[in-house]
>>> print(open('start-v9.tsv').read())   # TSV, C-alpha atoms and all ligand atoms
chain	number	residue	atom	x	y	z
A	23	MET	CA	31.13	24.12	-2.28
A	24	THR	CA	29.25	20.83	-2.03
A	25	VAL	CA	28.64	19.04	-5.30
A	26	ARG	CA	25.48	16.97	-5.31
A	27	PRO	CA	25.91	13.54	-6.89
A	28	ALA	CA	24.00	13.10	-10.16
A	29	ARG	CA	20.47	11.81	-9.83
A	30	LYS	CA	20.35	8.24	-10.95
A	31	ALA	CA	16.67	7.62	-10.38
A	32	GLU	CA	14.46	7.01	-13.36
A	33	VAL	CA	11.06	8.74	-12.99
A	34	LEU	CA	8.04	7.12	-14.60
A	35	ALA	CA	4.66	8.81	-14.98
A	36	THR	CA	1.37	6.91	-14.67
A	37	HIS	CA	-1.31	9.27	-15.98
A	38	THR	CA	-2.28	7.34	-19.12
A	39	THR	CA	-3.18	3.69	-19.43
A	40	ALA	CA	-0.03	2.99	-21.45
A	41	LEU	CA	2.26	4.86	-19.04
A	42	PHE	CA	0.61	3.13	-16.07
A	43	ALA	CA	1.20	-0.30	-17.63
A	44	ALA	CA	4.83	0.46	-18.54
A	45	ALA	CA	5.59	1.87	-15.08
A	46	LEU	CA	3.90	-1.11	-13.44
A	47	ALA	CA	5.99	-3.59	-15.42
A	48	ARG	CA	9.24	-1.74	-14.59
A	49	ALA	CA	8.44	-1.42	-10.88
A	50	VAL	CA	7.50	-5.10	-10.59
A	51	THR	CA	10.68	-6.18	-12.42
A	52	LEU	CA	12.90	-4.18	-10.09
A	53	LEU	CA	11.07	-5.31	-6.94
A	54	GLN	CA	11.27	-8.95	-8.04
A	55	ALA	CA	15.02	-8.46	-8.51
A	56	GLY	CA	15.39	-7.31	-4.89
A	57	GLU	CA	15.65	-3.57	-5.68
A	58	VAL	CA	13.94	-0.64	-3.95
A	59	VAL	CA	11.35	1.52	-5.72
A	60	ALA	CA	9.64	4.72	-4.54
A	61	LEU	CA	5.87	4.31	-4.92
A	62	PRO	CA	2.87	6.59	-4.36
A	63	THR	CA	0.36	5.77	-1.64
A	64	GLU	CA	-2.64	7.83	-0.56
A	65	THR	CA	-0.78	9.02	2.58
A	66	VAL	CA	2.82	9.76	1.56
A	67	TYR	CA	5.26	8.23	-0.95
A	68	GLY	CA	6.83	4.99	0.28
A	69	LEU	CA	10.21	3.40	-0.43
A	70	ALA	CA	9.27	-0.18	-1.19
A	71	ALA	CA	11.07	-3.52	-1.28
A	72	ASN	CA	10.03	-7.18	-1.10
A	73	ALA	CA	9.07	-7.59	2.56
A	74	LEU	CA	10.00	-11.29	2.47
A	75	ASP	CA	13.58	-10.61	1.32
A	76	ALA	CA	15.86	-9.38	4.10
A	77	ARG	CA	18.57	-8.27	1.63
A	78	ALA	CA	16.11	-6.12	-0.29
A	79	VAL	CA	14.78	-4.56	2.94
A	80	ARG	CA	18.34	-3.76	4.02
A	81	ARG	CA	18.57	-1.51	0.95
A	82	ILE	CA	15.68	0.55	2.33
A	83	PHE	CA	17.55	1.13	5.59
A	84	GLU	CA	20.70	2.11	3.64
A	85	ALA	CA	18.94	4.53	1.28
A	86	LYS	CA	17.05	6.22	4.11
A	87	GLY	CA	19.82	6.22	6.71
A	88	ARG	CA	17.17	4.62	8.92
A	89	PRO	CA	18.11	3.42	12.42
A	90	ALA	CA	17.92	-0.37	12.59
A	91	HIS	CA	15.63	-0.26	15.63
A	92	ASN	CA	12.75	1.29	13.66
A	93	PRO	CA	10.40	-1.36	12.22
A	94	ILE	CA	8.87	-0.98	8.75
A	95	ILE	CA	5.20	-1.24	7.76
A	96	VAL	CA	4.31	-4.10	5.42
A	97	HIS	CA	1.89	-3.24	2.61
A	98	VAL	CA	-0.61	-5.74	1.25
A	99	ALA	CA	-3.38	-5.67	-1.33
A	100	SER	CA	-5.71	-8.37	-0.03
A	101	LEU	CA	-6.94	-9.74	3.28
A	102	ASN	CA	-5.38	-13.04	2.39
A	103	LEU	CA	-1.91	-11.48	2.07
A	104	ALA	CA	-2.42	-9.54	5.34
A	105	GLN	CA	-3.27	-12.77	7.15
A	106	ARG	CA	-0.12	-14.46	5.80
A	107	CYS	CA	2.02	-11.72	7.39
A	108	VAL	CA	0.65	-12.20	10.91
A	109	ARG	CA	0.50	-15.00	13.43
A	110	HIS	CA	-3.07	-14.26	14.55
A	111	TRP	CA	-5.80	-12.39	12.75
A	112	PRO	CA	-8.15	-11.36	15.53
A	113	GLU	CA	-11.80	-10.51	15.06
A	114	GLN	CA	-10.96	-6.85	15.78
A	115	ALA	CA	-8.51	-6.79	12.87
A	116	ALA	CA	-11.16	-8.22	10.58
A	117	ARG	CA	-13.66	-5.55	11.62
A	118	LEU	CA	-11.16	-2.69	11.31
A	119	ALA	CA	-9.96	-3.94	7.93
A	120	ALA	CA	-13.54	-4.15	6.69
A	121	ALA	CA	-14.15	-0.57	7.82
A	122	PHE	CA	-10.92	1.17	6.81
A	123	TRP	CA	-9.00	-0.91	4.22
A	124	PRO	CA	-7.81	-0.08	1.73
A	125	GLY	CA	-6.88	3.11	3.58
A	126	PRO	CA	-4.61	5.01	5.97
A	127	LEU	CA	-4.69	2.62	8.93
A	128	THR	CA	-1.78	0.37	9.97
A	129	LEU	CA	-2.54	-2.59	12.26
A	130	VAL	CA	0.26	-3.90	14.49
A	131	LEU	CA	-0.14	-7.65	15.08
A	132	PRO	CA	2.00	-10.64	16.11
A	133	ARG	CA	4.47	-11.30	13.29
A	134	ALA	CA	4.37	-14.45	11.14
A	135	ASP	CA	7.62	-16.37	10.53
A	136	ILE	CA	7.73	-15.36	6.85
A	137	ILE	CA	8.43	-11.74	7.88
A	138	PRO	CA	12.20	-11.33	8.36
A	139	ASP	CA	13.64	-9.86	11.58
A	140	ILE	CA	14.89	-6.75	9.81
A	141	VAL	CA	11.33	-5.68	8.87
A	142	ALA	CA	10.21	-5.90	12.49
A	143	ALA	CA	13.48	-4.48	13.88
A	144	GLY	CA	13.80	-7.79	15.73
A	145	GLY	CA	10.45	-7.38	17.50
A	146	SER	CA	7.61	-9.88	17.73
A	147	THR	CA	5.05	-7.75	15.88
A	148	VAL	CA	4.54	-6.40	12.37
A	149	GLY	CA	2.61	-3.37	11.13
A	150	VAL	CA	0.34	-4.22	8.18
A	151	ARG	CA	-1.52	-1.83	5.87
A	152	TRP	CA	-3.54	-2.13	2.66
A	153	PRO	CA	-2.87	1.21	0.93
A	154	ASN	CA	-5.47	2.88	-1.26
A	155	HIS	CA	-3.55	3.94	-4.33
A	156	PRO	CA	-4.36	2.21	-7.61
A	157	PHE	CA	-0.74	2.02	-8.75
A	158	THR	CA	0.70	0.51	-5.60
A	159	ARG	CA	-2.23	-1.88	-5.25
A	160	ALA	CA	-1.48	-3.10	-8.77
A	161	VAL	CA	2.23	-3.49	-7.97
A	162	ILE	CA	1.53	-5.62	-4.89
A	163	ARG	CA	-1.02	-7.71	-6.79
A	164	ASP	CA	1.44	-8.38	-9.65
A	165	CYS	CA	4.41	-9.04	-7.35
A	166	GLY	CA	2.39	-11.47	-5.23
A	167	PHE	CA	4.51	-10.62	-2.19
A	168	PRO	CA	3.96	-7.91	0.45
A	169	LEU	CA	6.00	-4.70	0.24
A	170	ALA	CA	7.93	-3.27	3.16
A	171	ALA	CA	7.74	0.51	2.77
A	172	PRO	CA	8.59	3.37	5.09
A	173	SER	CA	8.09	6.94	3.90
A	174	ALA	CA	10.44	7.69	0.98
A	175	ASN	CA	12.57	10.34	2.68
A	176	ARG	CA	15.88	10.38	4.52
A	177	SER	CA	15.22	9.51	8.17
A	178	PHE	CA	13.97	12.35	10.38
A	179	GLU	CA	12.97	14.56	7.43
A	180	VAL	CA	9.52	15.57	6.24
A	181	SER	CA	7.72	12.79	4.35
A	182	PRO	CA	7.30	13.21	0.58
A	183	THR	CA	3.87	13.87	-0.92
A	184	THR	CA	5.05	14.21	-4.53
A	185	ALA	CA	7.54	12.33	-6.71
A	186	GLU	CA	9.64	15.52	-6.86
A	187	HIS	CA	10.00	15.51	-3.05
A	188	VAL	CA	11.36	11.95	-3.28
A	189	LEU	CA	13.83	12.93	-5.98
A	190	GLN	CA	15.17	15.82	-3.94
A	191	THR	CA	16.43	13.59	-1.12
A	192	LEU	CA	16.69	10.07	-2.52
A	193	GLY	CA	17.19	10.77	-6.24
A	194	ASP	CA	20.83	9.77	-6.15
A	195	ARG	CA	20.29	6.65	-4.03
A	196	ILE	CA	17.48	4.67	-5.66
A	197	PRO	CA	16.84	3.39	-9.19
A	198	LEU	CA	13.16	4.27	-9.74
A	199	VAL	CA	10.53	6.77	-8.60
A	200	ILE	CA	6.94	6.27	-9.76
A	201	ASP	CA	5.01	9.53	-10.17
A	202	GLY	CA	1.45	8.86	-9.07
A	203	GLY	CA	0.59	12.52	-8.50
A	204	PRO	CA	0.31	14.41	-5.19
A	205	THR	CA	-0.94	12.19	-2.37
A	206	SER	CA	-4.53	12.70	-1.24
A	207	VAL	CA	-4.32	12.20	2.55
A	208	GLY	CA	-0.97	13.96	2.92
A	209	ILE	CA	0.22	12.67	6.31
A	210	GLU	CA	1.24	9.18	7.40
A	211	SER	CA	-1.23	6.45	8.38
A	212	THR	CA	-2.76	5.96	11.81
A	213	VAL	CA	-0.80	3.19	13.59
A	214	LEU	CA	-2.88	1.01	15.92
A	215	ASP	CA	-1.36	-1.72	18.10
A	216	LEU	CA	-3.65	-4.75	18.26
A	217	SER	CA	-1.07	-7.03	19.89
A	218	LEU	CA	-2.06	-5.84	23.38
A	219	PRO	CA	-5.12	-6.80	25.45
A	220	THR	CA	-6.55	-3.34	24.69
A	221	PRO	CA	-5.85	-1.74	21.30
A	222	GLN	CA	-3.52	1.23	21.56
A	223	LEU	CA	-3.10	4.17	19.23
A	224	LEU	CA	0.64	4.51	18.51
A	225	ARG	CA	0.52	7.25	15.86
A	226	PRO	CA	-2.53	9.42	15.20
A	227	GLY	CA	-3.55	9.84	11.59
A	228	MET	CA	-6.58	10.75	9.54
A	229	VAL	CA	-8.39	7.57	10.61
A	230	SER	CA	-9.38	9.01	13.98
A	231	LEU	CA	-9.52	7.46	17.42
A	232	ALA	CA	-13.26	8.13	17.46
A	233	ALA	CA	-13.73	6.26	14.18
A	234	ILE	CA	-11.64	3.35	15.49
A	235	ARG	CA	-13.70	3.22	18.68
A	236	THR	CA	-16.93	2.92	16.73
A	237	ILE	CA	-15.54	-0.31	15.28
A	238	CYS	CA	-13.60	-1.92	18.12
A	239	GLY	CA	-14.98	-0.24	21.25
A	240	ASP	CA	-12.15	0.16	23.70
A	241	CYS	CA	-8.95	1.75	22.43
A	242	ALA	CA	-6.23	3.30	24.56
A	243	GLY	CA	-5.29	6.85	23.84
A	244	PRO	CA	-7.49	8.65	26.39
A	245	GLU	CA	-4.74	11.15	27.16
A	246	LEU	CA	-4.90	12.14	23.50
A	247	ASP	CA	-8.66	12.39	23.69
A	248	SER	CA	-8.83	14.57	26.77
A	249	ALA	CA	-5.90	16.72	25.63
A	250	PRO	CA	-6.20	16.70	21.87
A	251	ASN	CA	-3.34	19.15	21.60
A	252	VAL	CA	-0.68	16.49	22.09
A	253	ALA	CA	1.84	19.15	23.01
A	254	ASN	CA	0.16	18.79	26.41
A	255	LEU	CA	0.97	15.10	26.75
A	256	PRO	CA	3.06	14.34	29.82
A	257	ARG	CA	6.68	13.61	28.90
A	258	GLN	CA	6.57	10.16	30.48
A	259	SER	CA	3.64	9.17	28.33
A	260	GLN	CA	5.39	10.45	25.20
A	261	ASN	CA	8.47	8.41	26.00
A	262	GLN	CA	6.51	5.24	26.70
A	263	GLN	CA	4.86	5.59	23.32
A	264	ALA	CA	8.21	6.22	21.65
A	265	LEU	CA	9.52	2.93	22.96
A	266	ARG	CA	6.58	1.09	21.45
A	267	SER	CA	6.95	2.80	18.07
A	268	PRO	CA	10.24	4.51	17.34
A	269	GLY	CA	8.62	6.75	14.72
A	270	LEU	CA	7.10	8.48	17.72
A	271	LEU	CA	10.46	9.70	18.95
A	272	SER	CA	10.35	13.45	19.19
A	273	ARG	CA	13.01	13.97	16.50
A	274	HIS	CA	10.99	13.20	13.39
A	275	TYR	CA	9.20	14.75	10.43
A	276	ALA	CA	11.29	17.93	10.52
A	277	PRO	CA	11.93	20.60	7.92
A	278	ARG	CA	15.42	22.17	7.77
A	279	ALA	CA	14.11	25.53	8.91
A	280	ASN	CA	13.24	26.13	12.55
A	281	LEU	CA	9.54	25.64	13.13
A	282	ILE	CA	7.40	27.13	15.88
A	283	VAL	CA	3.70	26.56	16.47
A	284	CYS	CA	2.18	29.69	17.96
A	285	SER	CA	-0.77	32.08	17.85
A	286	TRP	CA	-1.03	35.81	17.30
A	287	PRO	CA	-4.04	38.10	17.80
A	288	ASP	CA	-3.00	40.41	14.97
A	289	SER	CA	-0.10	41.37	12.71
A	290	PRO	CA	1.70	43.75	15.13
A	291	ALA	CA	1.79	40.97	17.76
A	292	LEU	CA	3.24	38.54	15.24
A	293	LYS	CA	5.77	41.13	14.11
A	294	SER	CA	7.00	41.61	17.67
A	295	GLN	CA	7.30	37.83	18.16
A	296	ILE	CA	9.53	37.69	15.08
A	297	THR	CA	11.63	40.58	16.39
A	298	ASN	CA	11.95	38.91	19.81
A	299	LEU	CA	13.20	35.74	18.14
A	300	ARG	CA	15.75	37.93	16.32
A	301	PHE	CA	14.83	36.84	12.80
A	302	GLU	CA	14.54	39.16	9.82
A	303	VAL	CA	11.00	39.21	8.45
A	304	GLN	CA	12.14	38.08	5.01
A	305	GLU	CA	13.59	34.89	6.55
A	306	VAL	CA	10.22	34.00	8.05
A	307	HIS	CA	7.46	31.99	6.39
A	308	VAL	CA	4.02	31.90	8.00
A	309	LEU	CA	1.41	29.14	7.69
A	310	ALA	CA	-1.87	30.65	8.85
A	311	HIS	CA	-5.44	29.37	8.67
A	312	THR	CA	-7.43	32.02	10.59
A	313	VAL	CA	-5.43	35.19	11.41
A	314	LEU	CA	-3.66	36.06	8.17
A	315	PRO	CA	-0.71	38.35	8.79
A	316	SER	CA	-0.12	41.52	6.88
A	317	ILE	CA	3.54	42.31	7.50
A	318	PRO	CA	5.54	43.93	4.71
A	319	GLY	CA	8.53	41.89	3.58
A	320	LEU	CA	7.55	38.52	5.09
A	321	GLY	CA	9.30	35.68	3.25
A	322	ARG	CA	5.95	34.09	2.44
A	323	VAL	CA	2.46	33.77	3.84
A	324	CYS	CA	0.70	30.53	3.12
A	325	VAL	CA	-3.05	30.51	3.63
A	326	MET	CA	-3.87	27.04	4.92
A	327	PRO	CA	-7.32	25.42	4.67
A	328	ARG	CA	-9.60	25.47	7.74
A	329	ASP	CA	-10.73	21.94	7.03
A	330	PRO	CA	-8.41	19.41	8.71
A	331	ALA	CA	-8.47	16.90	5.82
A	332	LEU	CA	-7.48	19.60	3.33
A	333	TYR	CA	-4.93	21.05	5.74
A	334	ALA	CA	-3.29	17.63	6.15
A	335	ARG	CA	-3.24	17.15	2.39
A	336	GLY	CA	-1.26	20.34	1.85
A	337	LEU	CA	0.90	20.56	4.97
A	338	TYR	CA	4.02	18.65	3.94
A	339	ALA	CA	4.15	20.25	0.49
A	340	GLU	CA	4.17	23.64	2.24
A	341	LEU	CA	6.96	22.60	4.59
A	342	HIS	CA	8.99	21.31	1.64
A	343	ARG	CA	8.39	24.61	-0.17
A	344	CYS	CA	9.59	26.63	2.84
A	345	ASP	CA	12.85	24.66	2.77
A	346	GLU	CA	13.23	25.01	-1.00
A	347	MET	CA	12.76	28.77	-0.72
A	348	GLY	CA	15.37	29.04	2.03
A	349	ALA	CA	13.12	29.89	4.97
A	350	ARG	CA	15.00	30.09	8.28
A	351	LEU	CA	11.93	30.19	10.50
A	352	ILE	CA	8.47	28.74	9.88
A	353	LEU	CA	5.72	30.08	12.12
A	354	VAL	CA	2.65	27.84	12.05
A	355	GLU	CA	-0.62	29.10	13.53
A	356	THR	CA	-1.71	26.76	16.35
A	357	PRO	CA	-4.31	24.28	15.07
A	358	PRO	CA	-7.70	24.04	16.82
A	359	PRO	CA	-7.57	21.89	20.01
A	360	THR	CA	-10.15	19.42	18.73
A	361	ALA	CA	-9.93	15.71	17.97
A	362	ASP	CA	-10.19	16.15	14.19
A	363	TRP	CA	-6.93	18.15	14.25
A	364	LEU	CA	-5.09	15.68	16.50
A	365	ALA	CA	-2.88	14.09	13.83
A	366	ILE	CA	-1.93	17.49	12.41
A	367	ALA	CA	-1.08	18.84	15.87
A	368	ASP	CA	1.01	15.71	16.43
A	369	ARG	CA	3.07	16.18	13.24
A	370	LEU	CA	3.57	19.89	13.90
A	371	ARG	CA	4.74	19.17	17.43
A	372	ARG	CA	7.31	16.69	16.11
A	373	ALA	CA	8.46	19.12	13.42
A	374	ALA	CA	8.94	21.78	16.09
A	375	HIS	CA	10.39	19.55	18.82
A	376	SER	CA	13.17	18.21	16.72
A	377	GLN	CA	15.12	21.42	16.77
A	378	GLU	CA	17.09	23.47	19.21
A	379	PRO	CA	15.16	26.48	20.48
A	380	PRO	CA	15.41	28.82	17.51
A	381	LYS	CA	17.54	31.87	17.93
A	382	ASN	CA	19.23	33.66	15.16
A	383	PRO	CA	22.95	34.15	15.82
B	1	LIG	O1	1.29	6.14	5.73
B	1	LIG	C1	2.24	5.45	6.09
B	1	LIG	O2	2.23	4.76	7.10
B	1	LIG	C2	3.49	5.50	5.19
B	1	LIG	C3	3.16	4.89	3.84
B	1	LIG	C4	4.37	4.73	2.97
B	1	LIG	O3	2.53	3.67	4.04
B	1	LIG	N1	4.57	4.81	5.84
B	1	LIG	C5	5.22	5.32	6.90
B	1	LIG	O4	6.26	4.53	7.31
B	1	LIG	O5	4.94	6.37	7.42
B	1	LIG	P1	7.35	5.02	8.36
B	1	LIG	O6	8.33	3.94	8.47
B	1	LIG	O7	7.85	6.34	7.93
B	1	LIG	O8	6.54	5.09	9.69
B	1	LIG	C6	6.06	3.86	10.22
B	1	LIG	C7	5.75	4.02	11.66
B	1	LIG	C8	6.98	4.26	12.48
B	1	LIG	O9	6.61	5.14	13.51
B	1	LIG	C9	7.29	2.88	13.03
B	1	LIG	O10	8.00	2.96	14.23
B	1	LIG	C10	5.88	2.34	13.22
B	1	LIG	O11	5.15	2.82	12.12
B	1	LIG	N2	5.86	0.86	13.17
B	1	LIG	C11	6.10	0.07	12.12
B	1	LIG	N3	6.05	-1.23	12.47
B	1	LIG	C12	5.76	-1.25	13.79
B	1	LIG	C13	5.57	-2.28	14.76
B	1	LIG	N4	5.70	-3.57	14.45
B	1	LIG	N5	5.31	-1.91	16.03
B	1	LIG	C14	5.18	-0.61	16.37
B	1	LIG	N6	5.35	0.41	15.50
B	1	LIG	C15	5.63	0.10	14.24
B	2	MG	MG	8.68	8.13	7.98
>>> encode(input="start-v9.tsv", output="C-alpha cells")
Amino acid sequence: MTVRPARKAEVLATHTTALFAAALARAVTLLQAGEVVALPTETVYGLAANALDARAVRRIFEAKGRPAHNPIIVHVASLNLAQRCVRHWPEQAARLAAAFWPGPLTLVLPRADIIPDIVAAGGSTVGVRWPNHPFTRAVIRDCGFPLAAPSANRSFEVSPTTAEHVLQTLGDRIPLVIDGGPTSVGIESTVLDLSLPTPQLLRPGMVSLAAIRTICGDCAGPELDSAPNVANLPRQSQNQQALRSPGLLSRHYAPRANLIVCSWPDSPALKSQITNLRFEVQEVHVLAHTVLPSIPGLGRVCVMPRDPALYARGLYAELHRCDEMGARLILVETPPPTADWLAIADRLRRAAHSQEPPKNP
C-alpha cells in the first residue's frame, strides 16, 4: 500500500474583499522570500516564483519534476515590466499586446539579461505573458517583479483548472495554493514566437491564428490552417516544433487513463469499438458533444458543449474527473475539423499520443 505524504499546502480563498487582501499579502510575502506559490490565471493554475531569482525558479522545477530543457513563461502585469524582460520590444509585440493583453497569449522574444538562464532553459529567448486574473495581476503589481510560472501540475500531467486539482498533485510539495475559482479559458495560452523573421505559432490556444493574423499579418502555421485537425500534421513538422518549444513534445497534458479520440455513428458502433479494444463498459468514460451514447453500464457519459470556448473551459476538469473516478479508457468524440477547435484538437491529440496503444490485458 502506498501512503501519500500529508498535504502541507495552505489553501487561501479570495472570494471576499477581506479574504482577497489576506491571500494577496500571504502570497506576496512568500514570493518575496523566494518560495513558490500556486496562483490562478484565466487559462490554468500556475506555479509561480520570482522570475529574477534563479534559486526560487529552481524550486518550480523540483516541485513539478520538470525537465531542465523546458523554458518557463514569465508573467507580467504592465507593458513596462514586459519590456524589462526582453531585449527588443518590436512593433508587432506592441500591437499584439494592445490587442490581446491582459489575456491568453504568450510572446516569445529575445531575452533580457535580468532573466536568469534557468527560466529560459539556457536559450536566448523568453516567453512573456500578461495574465488576465485579478488576483495574479495584483500579486505581480505588489511584488514588483515578474513571475515565472508553468502550469501547476507535475510534468506531463493534465493542467489544473481548480485549486483542488493543484492540491491533488502538488499539495505535499508547495506551501501555498490560492483558490481563485475555476479558470475561465481552461486550456493553456497561445504561444507565439516573435524572435524569428516571421512570427510562428508554437502552441495553439484560444487566441487563434486568424486573430493573430489580423494584427500582425504574416504568421507561420499554415500547415495548422490547412489541416486544422493537427493529428494530420506531418511527423517532421511536429518534431521541428517540439524542438522550438519543448511543451510541444508529444508526451504532454495526459490523464492517467488511456485516451482515444474517435467518432461513432451510433451507440451500437461505439459499443463494438469498446469491445474490440477489450475494455469493460463500466471502465469507459465518454466525452461526447454531438452523438450521445446510450449504452447501459458505461462508466460515465459527459455531455460536452458544442461551443469551442465552453468546451475548452470544461475539458481539463472532465479529464481530471475521469481519473478521480478510476476510468481506464476515455473515449472523446472527435472535435470538428475547423480552426476554432484547433487548440482543443491539439490538446486531445497530446493527451492521446502520450500513451501506449490501449489494450486491456
Ligand atoms: O496559459 C499558460 O501559458 C499557463 C499559465 C500558468 O500562464 N502556463 C503554461 O506554462 O502553460 P507551461 O510551462 O506549462 O507551458 C509553457 C509552454 C511550454 O510549451 C514551453 O516549452 C513554452 O511555453 N515556452 C516557454 N518559454 C519558451 C521560449 N522561450 N521559447 C519557446 N517556447 C517556450
Ligand atoms: Mg504545462
>>> residues_around(input="start-v9.tsv", residues="range 304-308 of chain A", least_positions_apart="4", cutoff="9 Å", atoms="all atoms listed in the file", output="PyMOL selection string")
chain A and resi 296+314-315+318-325+344+348-355
>>> atom_distance(input="start-v9.tsv", atom1="CA of Arg133 in chain A", atom2="CA of Arg81 in chain A")
21.1 Å
>>> residues_near_ligand(input="start-v9.tsv", ligand="ligand LIG 1 (chain B)", cutoff="8 Å", atoms="all atoms listed in the file", output="VMD selection string")
chain A and resid 62 to 69 92 to 97 126 to 128 130 to 131 133 141 to 143 145 to 151 153 171 to 174 181 209 to 213 215 224 to 225 266 to 270
>>> closest_residue(input="start-v9.tsv", among="A:His37, A:His155, A:Arg176, A:His187", to="ligand MG 2 (chain B)", atoms="all atoms listed in the file")
A:Arg176
>>> atom_distance(input="start-v9.tsv", atom1="CA of Leu189 in chain A", atom2="CA of Tyr338 in chain A")
15.1 Å
>>> residues_around(input="start-v9.tsv", residues="Val283 in chain A", least_positions_apart="6", cutoff="12 Å", atoms="only C-alpha atoms", output="PyMOL selection string")
chain A and resi 251+253+295+308-310+351-358+366-375+380
>>> atom_distance(input="start-v9.tsv", atom1="CA of Ala331 in chain A", atom2="CA of Thr312 in chain A")
15.9 Å
